[in-house]
Amino acid sequence: MAALPHEMIIEILLRLSVKDLLRFKCVSKPWCSSIDDPDFIKLHLSHSVKTNTNHSLILRHCEYHFFSVNYDSLKTTQRLNHPLGEQKTPIKILGTCNGLLALIDDNGRIFLWNPSTRKSQVLPSTEIEFSSPSIFFPRSTYYGFGYDPISDDYKLVRMVQVHGKNNSYLHSEAKVYSLRSNSWRRIKDFCFYLSFYREFGFLADNALYWMVLKTPQSGNKSLVGFDLGTEEFRFVELPDSCLNKRFCMNMKAMGGYLCLIATYTEFNDDVVDIWIMKESWIKLISWKKSESILGFPIVIPLAFSKSGDKVLFSIALHKFVWYDTRLCGMIWEAKRLRRLGLEMSQLSMMWTCMFRALSLL
């Protein structure tokens, strides 16, 4: 039997799952070499993005256990062995990109981890280059993780700001870690105010986004983006209707797009508006929901379906529902988390959807 041309083998391999590819590396040295090739890894990831396949939903349990859930069926649950092993140290997700997770432990140690290949890398530490006047002054630290296709480099952004009495400004700094150089460097300072102790940015369209304040006294949040190529900050306009209502606003990245979740009360109804940023803001969903906690429903959009016409939501932390954008309504309850064998009270409120990929460290 004649051997298949190399190009045809590559086309077949591109359509396989990461799990299968890792198994097939044992078939032969040429197959192993092809699967490990950086160009093939990029092609496989590009194919996954184009076909909207090889997704998984990452859940955190008891602050240091991680699970991967196939969100298309919500039936397959796999416990992930993170780099800290059995060490029971709280771990938070700083961001996800191209199959990689950026994590930080309770001691401030940051590492990158590919759950599919089980490979990880600890980042070098970096000092804060300004001296804090007092340990009693509050400090805000914001992170973000993403990929710059221009320099073919993964970057982690860290912003630190120390506030004085009555929220007066004291010091701030911004640094970028480059995986390619495995080093940190300080970049131009930012001209806005960090309003929370710790926040994690969301990646969309080669930029990272956070909610900030333009002034310490401002009661309204503003949206700021960081271009991973130019490494410059810029303010992003919010949807016009969000400027005229009192609302609780959150942010997510979904399907490669930035999403805003605006929750407010209108005529005694809790309303959730989901906006998505393409060339401009588009209202994807406006949803009246009676189930609420402390006056507002906890609604988190997680991902688009493979066909792209449904959105998977987490509702009130304990169940998933699919929302059909064509029918403008909730079509079914997909799965309750307790059926996955997880305790609701111990689940992290941060969930993330990621591609399974062979991305190298």
# chains A, B, ... in the order shown; residues from 1 in each chain; ligands from 1
$ residues_around --residues "Lys92 of chain A" --least-positions-apart "6" --cutoff "7 Å" --atoms "only C-alpha atoms" --output "ChimeraX atom specification"
/A:103-105
$ residues_around --residues "segment 198-213 of chain A" --least-positions-apart "2" --cutoff "9 Å" --atoms "only C-alpha atoms" --output "count of residues only"
46
$ select_by_dssp --residues "segment 19-128 of chain A" --states "helix (DSSP H, G or I)" --output "ChimeraX atom specification"
/A:19-24,29-36,38-51
$ write_last_selection --atoms "N, CA and C atoms" --output "PDB file, in the first residue's frame"
ATOM      1  N   LYS A  19      -6.057  15.512  22.457  1.00  0.00           N
ATOM      2  CA  LYS A  19      -5.838  14.233  23.142  1.00  0.00           C
ATOM      3  C   LYS A  19      -5.362  13.169  22.166  1.00  0.00           C
ATOM      4  N   ASP A  20      -6.000  13.105  20.991  1.00  0.00           N
ATOM      5  CA  ASP A  20      -5.588  12.118  19.991  1.00  0.00           C
ATOM      6  C   ASP A  20      -4.197  12.427  19.435  1.00  0.00           C
ATOM      7  N   LEU A  21      -3.921  13.703  19.206  1.00  0.00           N
ATOM      8  CA  LEU A  21      -2.606  14.073  18.675  1.00  0.00           C
ATOM      9  C   LEU A  21      -1.483  13.675  19.625  1.00  0.00           C
ATOM     10  N   LEU A  22      -1.696  13.860  20.917  1.00  0.00           N
ATOM     11  CA  LEU A  22      -0.682  13.483  21.889  1.00  0.00           C
ATOM     12  C   LEU A  22      -0.453  11.972  21.881  1.00  0.00           C
ATOM     13  N   ARG A  23      -1.508  11.208  21.658  1.00  0.00           N
ATOM     14  CA  ARG A  23      -1.368   9.748  21.563  1.00  0.00           C
ATOM     15  C   ARG A  23      -0.627   9.349  20.286  1.00  0.00           C
ATOM     16  N   PHE A  24      -0.942  10.040  19.180  1.00  0.00           N
ATOM     17  CA  PHE A  24      -0.386   9.651  17.884  1.00  0.00           C
ATOM     18  C   PHE A  24       1.075  10.071  17.721  1.00  0.00           C
ATOM     19  N   LYS A  29       8.489   8.506  14.531  1.00  0.00           N
ATOM     20  CA  LYS A  29       9.275   9.734  14.724  1.00  0.00           C
ATOM     21  C   LYS A  29       8.824  10.854  13.791  1.00  0.00           C
ATOM     22  N   PRO A  30       8.524  10.545  12.497  1.00  0.00           N
ATOM     23  CA  PRO A  30       8.033  11.624  11.625  1.00  0.00           C
ATOM     24  C   PRO A  30       6.729  12.235  12.121  1.00  0.00           C
ATOM     25  N   TRP A  31       5.805  11.401  12.616  1.00  0.00           N
ATOM     26  CA  TRP A  31       4.541  11.942  13.144  1.00  0.00           C
ATOM     27  C   TRP A  31       4.816  12.798  14.378  1.00  0.00           C
ATOM     28  N   CYS A  32       5.674  12.324  15.251  1.00  0.00           N
ATOM     29  CA  CYS A  32       6.003  13.085  16.458  1.00  0.00           C
ATOM     30  C   CYS A  32       6.611  14.436  16.086  1.00  0.00           C
ATOM     31  N   SER A  33       7.515  14.405  15.096  1.00  0.00           N
ATOM     32  CA  SER A  33       8.156  15.643  14.650  1.00  0.00           C
ATOM     33  C   SER A  33       7.149  16.606  14.044  1.00  0.00           C
ATOM     34  N   SER A  34       6.199  16.082  13.273  1.00  0.00           N
ATOM     35  CA  SER A  34       5.182  16.925  12.634  1.00  0.00           C
ATOM     36  C   SER A  34       4.258  17.548  13.666  1.00  0.00           C
ATOM     37  N   ILE A  35       3.831  16.764  14.662  1.00  0.00           N
ATOM     38  CA  ILE A  35       2.893  17.255  15.675  1.00  0.00           C
ATOM     39  C   ILE A  35       3.559  18.275  16.581  1.00  0.00           C
ATOM     40  N   ASP A  36       4.859  18.114  16.825  1.00  0.00           N
ATOM     41  CA  ASP A  36       5.584  19.048  17.678  1.00  0.00           C
ATOM     42  C   ASP A  36       6.042  20.302  16.932  1.00  0.00           C
ATOM     43  N   PRO A  38       6.186  23.838  15.498  1.00  0.00           N
ATOM     44  CA  PRO A  38       5.458  25.067  15.861  1.00  0.00           C
ATOM     45  C   PRO A  38       4.473  25.522  14.784  1.00  0.00           C
ATOM     46  N   ASP A  39       4.834  25.313  13.504  1.00  0.00           N
ATOM     47  CA  ASP A  39       3.918  25.713  12.426  1.00  0.00           C
ATOM     48  C   ASP A  39       2.657  24.851  12.438  1.00  0.00           C
ATOM     49  N   PHE A  40       2.814  23.551  12.709  1.00  0.00           N
ATOM     50  CA  PHE A  40       1.637  22.694  12.796  1.00  0.00           C
ATOM     51  C   PHE A  40       0.770  23.078  13.993  1.00  0.00           C
ATOM     52  N   ILE A  41       1.401  23.403  15.119  1.00  0.00           N
ATOM     53  CA  ILE A  41       0.651  23.797  16.321  1.00  0.00           C
ATOM     54  C   ILE A  41      -0.206  25.029  16.028  1.00  0.00           C
ATOM     55  N   LYS A  42       0.354  25.993  15.304  1.00  0.00           N
ATOM     56  CA  LYS A  42      -0.415  27.187  14.942  1.00  0.00           C
ATOM     57  C   LYS A  42      -1.540  26.845  13.977  1.00  0.00           C
ATOM     58  N   LEU A  43      -1.263  25.966  13.014  1.00  0.00           N
ATOM     59  CA  LEU A  43      -2.301  25.556  12.059  1.00  0.00           C
ATOM     60  C   LEU A  43      -3.447  24.833  12.762  1.00  0.00           C
ATOM     61  N   HIS A  44      -3.104  23.967  13.717  1.00  0.00           N
ATOM     62  CA  HIS A  44      -4.132  23.217  14.442  1.00  0.00           C
ATOM     63  C   HIS A  44      -4.993  24.158  15.279  1.00  0.00           C
ATOM     64  N   LEU A  45      -4.359  25.127  15.939  1.00  0.00           N
ATOM     65  CA  LEU A  45      -5.117  26.099  16.713  1.00  0.00           C
ATOM     66  C   LEU A  45      -6.013  26.936  15.802  1.00  0.00           C
ATOM     67  N   SER A  46      -5.471  27.364  14.662  1.00  0.00           N
ATOM     68  CA  SER A  46      -6.253  28.152  13.703  1.00  0.00           C
ATOM     69  C   SER A  46      -7.456  27.367  13.207  1.00  0.00           C
ATOM     70  N   HIS A  47      -7.274  26.083  12.977  1.00  0.00           N
ATOM     71  CA  HIS A  47      -8.385  25.231  12.524  1.00  0.00           C
ATOM     72  C   HIS A  47      -9.436  25.102  13.626  1.00  0.00           C
ATOM     73  N   SER A  48      -9.001  24.993  14.879  1.00  0.00           N
ATOM     74  CA  SER A  48      -9.946  24.903  16.003  1.00  0.00           C
ATOM     75  C   SER A  48     -10.767  26.180  16.118  1.00  0.00           C
ATOM     76  N   VAL A  49     -10.106  27.343  15.949  1.00  0.00           N
ATOM     77  CA  VAL A  49     -10.809  28.617  16.029  1.00  0.00           C
ATOM     78  C   VAL A  49     -11.800  28.748  14.878  1.00  0.00           C
ATOM     79  N   LYS A  50     -11.361  28.368  13.682  1.00  0.00           N
ATOM     80  CA  LYS A  50     -12.205  28.503  12.494  1.00  0.00           C
ATOM     81  C   LYS A  50     -13.431  27.608  12.559  1.00  0.00           C
ATOM     82  N   THR A  51     -13.259  26.390  13.066  1.00  0.00           N
ATOM     83  CA  THR A  51     -14.358  25.428  13.136  1.00  0.00           C
ATOM     84  C   THR A  51     -15.080  25.434  14.477  1.00  0.00           C
TER      85      THR A  51
END
$ atom_distance --atom1 "atom CA of Thr77 of chain A" --atom2 "atom CA of Pro90 of chain A"
21.2 Å
